[in-house]
Amino acid sequence: EPGSGKTAIALALASAFASQPGGVLWLTVDNSPLTELLVRVGRAYNVEAVMNSDQPIAMIGAVASTLTQHKPLIVLDGQPDERGTAQFLSKCASGLPVLITSSRGDADGPWVNYELQALDGDAAMMLFKQKSGITGSDTDDAVAAITELLGNLPFPIVIAARAMAASKQQPEAYLVTLQQVAEAAGGDEMMTALTASYRALNNALQGLMLMLGATYRGQASGKMLSMISGVPEDSINQAMTVLSQLYLVEKFNQYEQPYYRLHHSAHLFANTWLRGSNRLETMQERVRDAVLSYLNTYG
């Protein structure tokens, strides 16, 4: 399920391949069909015939040849399209190592399914203490109660741990805060952690998180966020760095530019928050207008 650590485990496994000659081809997917996967492989390896083709499906042979030549570990992370992914694997990636993450446990295709369970109690406590900077055992009872409240799920645990550390609270006091939030959230572990962390942000950081949540896939470059908000790009990047340190946003580079992405659950949270305050449509209109301006400027 979301927050069980799928992407984190994929990153750990992929790191072992990063030093190999073939490296890692990592594609974040959102129900991506076969044609999209073909073009993105072409972009990754700068194969112009694939990148510029009007009929990408006709370039399957070129994509398969490229992948066979480079021999990467292929990671498809996110929400894969079952049919498109199965076609991609059979036609383009035969014999290559492939790792797929998905929240759909019954996905059927040329792969083996492994289900990730919640952490056991000791591992959950260890993760919380690591991310919050706790070194002793004096607060273990409170930490155990926090991780149990969060279902021993890695992502909510990390969110809560970083938020507690940022607010300079002790586990006993933060447990009370989480219990109050959990009651309002109906016991949903993910929403409990996200709500508590979001409420502790200042208005500017809250606004940026909601703005990113209003984008189509919960992701955008610093330049795009600057165009949406009217805030200088340097200020955007500084603020987004703070959100990434709280694990509310994933920060990486794309085309040598700072890029930011919300976890699927954080994107849902931001959408829900905007909808509840009747601001979602207005914010999405700002995003749409900024996309058009971006295309007119850089397209």
# chains A, B, ... in the order shown; residues from 1 in each chain; ligands from 1
call {"tool": "residues_around", "arguments": {"residues": "Thr66 (chain A)", "least_positions_apart": "4", "cutoff": "10 Å", "atoms": "only C-alpha atoms", "output": "PyMOL selection string"}}
result
chain A and resi 41-42+45+47+60-62+70-71+92-93
call {"tool": "residues_around", "arguments": {"residues": "region 215-217 of chain A", "least_positions_apart": "5", "cutoff": "10 Å", "atoms": "only C-alpha atoms", "output": "JSON, numbers by chain"}}
result
{"A": [30, 210, 225, 228, 261, 262, 263, 264, 267, 271, 283, 284, 285, 286, 287, 288, 291]}
call {"tool": "write_last_selection", "arguments": {"atoms": "N, CA, C and O atoms", "output": "tab-separated table (two decimals), in the first residue's frame"}}
result
chain	number	residue	atom	x	y	z
A	30	ASP	N	3.05	6.89	-14.57
A	30	ASP	CA	1.69	7.17	-14.10
A	30	ASP	C	0.73	6.64	-15.17
A	30	ASP	O	0.30	7.38	-16.05
A	210	LEU	N	0.63	23.16	-1.28
A	210	LEU	CA	-0.67	23.12	-1.92
A	210	LEU	C	-0.56	23.44	-3.41
A	210	LEU	O	-1.26	22.85	-4.25
A	225	LEU	N	7.14	26.43	-10.86
A	225	LEU	CA	6.52	26.89	-9.62
A	225	LEU	C	6.69	28.40	-9.44
A	225	LEU	O	5.82	29.07	-8.91
A	228	ILE	N	4.04	30.00	-11.59
A	228	ILE	CA	2.70	29.86	-11.00
A	228	ILE	C	2.50	30.87	-9.87
A	228	ILE	O	1.46	31.52	-9.76
A	261	ARG	N	8.66	16.69	-6.53
A	261	ARG	CA	7.54	15.77	-6.71
A	261	ARG	C	6.96	15.41	-5.35
A	261	ARG	O	7.69	15.12	-4.40
A	262	LEU	N	5.64	15.37	-5.27
A	262	LEU	CA	4.94	14.91	-4.07
A	262	LEU	C	4.74	13.41	-4.13
A	262	LEU	O	4.47	12.86	-5.20
A	263	HIS	N	4.89	12.76	-2.99
A	263	HIS	CA	4.47	11.36	-2.88
A	263	HIS	C	2.98	11.28	-3.26
A	263	HIS	O	2.22	12.24	-3.06
A	264	HIS	N	2.57	10.15	-3.82
A	264	HIS	CA	1.18	9.99	-4.26
A	264	HIS	C	0.21	10.36	-3.13
A	264	HIS	O	-0.79	11.05	-3.37
A	267	HIS	N	0.16	14.12	-2.56
A	267	HIS	CA	-0.59	14.78	-3.63
A	267	HIS	C	-2.09	14.69	-3.36
A	267	HIS	O	-2.83	15.68	-3.50
A	271	ASN	N	-4.64	17.87	-2.61
A	271	ASN	CA	-5.87	18.03	-3.39
A	271	ASN	C	-7.08	18.08	-2.47
A	271	ASN	O	-7.99	18.91	-2.65
A	283	MET	N	-6.80	27.27	-8.04
A	283	MET	CA	-5.37	26.96	-8.10
A	283	MET	C	-5.04	26.21	-9.38
A	283	MET	O	-3.99	26.47	-10.00
A	284	GLN	N	-5.89	25.31	-9.80
A	284	GLN	CA	-5.63	24.57	-11.04
A	284	GLN	C	-5.68	25.49	-12.25
A	284	GLN	O	-4.95	25.27	-13.23
A	285	GLU	N	-6.51	26.52	-12.22
A	285	GLU	CA	-6.54	27.50	-13.31
A	285	GLU	C	-5.21	28.25	-13.38
A	285	GLU	O	-4.69	28.53	-14.47
A	286	ARG	N	-4.65	28.58	-12.22
A	286	ARG	CA	-3.33	29.25	-12.20
A	286	ARG	C	-2.26	28.34	-12.78
A	286	ARG	O	-1.38	28.79	-13.52
A	287	VAL	N	-2.34	27.06	-12.44
A	287	VAL	CA	-1.38	26.09	-12.98
A	287	VAL	C	-1.51	26.01	-14.50
A	287	VAL	O	-0.52	26.05	-15.23
A	288	ARG	N	-2.76	25.92	-14.98
A	288	ARG	CA	-3.00	25.84	-16.43
A	288	ARG	C	-2.42	27.05	-17.15
A	288	ARG	O	-1.74	26.93	-18.18
A	291	VAL	N	1.33	26.89	-17.28
A	291	VAL	CA	1.81	25.92	-18.27
A	291	VAL	C	1.81	26.52	-19.66
A	291	VAL	O	2.78	26.38	-20.42
call {"tool": "select_by_dssp", "arguments": {"residues": "region 28-249 of chain A", "states": "alpha helix (DSSP H)", "output": "PyMOL selection string"}}
result
chain A and resi 34-44+48-51+60-70+82-92+121-132+140-149+154-166+171-184+189-199+203-213+222-229+233-245
call {"tool": "residues_around", "arguments": {"residues": "Val112 (chain A)", "least_positions_apart": "4", "cutoff": "10 Å", "atoms": "only C-alpha atoms", "output": "list in words"}}
result
Leu99, Ile100, Ala107 and Asp108 of chain A
call {"tool": "write_last_selection", "arguments": {"atoms": "N, CA and C atoms", "output": "PDB file, in the first residue's frame"}}
result
ATOM      1  N   LEU A  99      12.648  -3.889 -12.296  1.00  0.00           N
ATOM      2  CA  LEU A  99      12.004  -3.756 -10.993  1.00  0.00           C
ATOM      3  C   LEU A  99      10.829  -2.809 -11.155  1.00  0.00           C
ATOM      4  N   ILE A 100       9.642  -3.253 -10.744  1.00  0.00           N
ATOM      5  CA  ILE A 100       8.424  -2.466 -10.892  1.00  0.00           C
ATOM      6  C   ILE A 100       7.811  -2.263  -9.513  1.00  0.00           C
ATOM      7  N   ALA A 107      -1.540  -7.187  -9.749  1.00  0.00           N
ATOM      8  CA  ALA A 107      -1.110  -6.930 -11.122  1.00  0.00           C
ATOM      9  C   ALA A 107      -0.625  -8.221 -11.774  1.00  0.00           C
ATOM     10  N   ASP A 108      -1.144  -8.508 -12.957  1.00  0.00           N
ATOM     11  CA  ASP A 108      -0.848  -9.762 -13.651  1.00  0.00           C
ATOM     12  C   ASP A 108       0.007  -9.468 -14.875  1.00  0.00           C
TER      13      ASP A 108
END
call {"tool": "select_by_dssp", "arguments": {"residues": "region 18-255 of chain A", "states": "strand (DSSP E or B)", "output": "PyMOL selection string"}}
result
chain A and resi 24-30+73-79+98-100+219-221+250-254
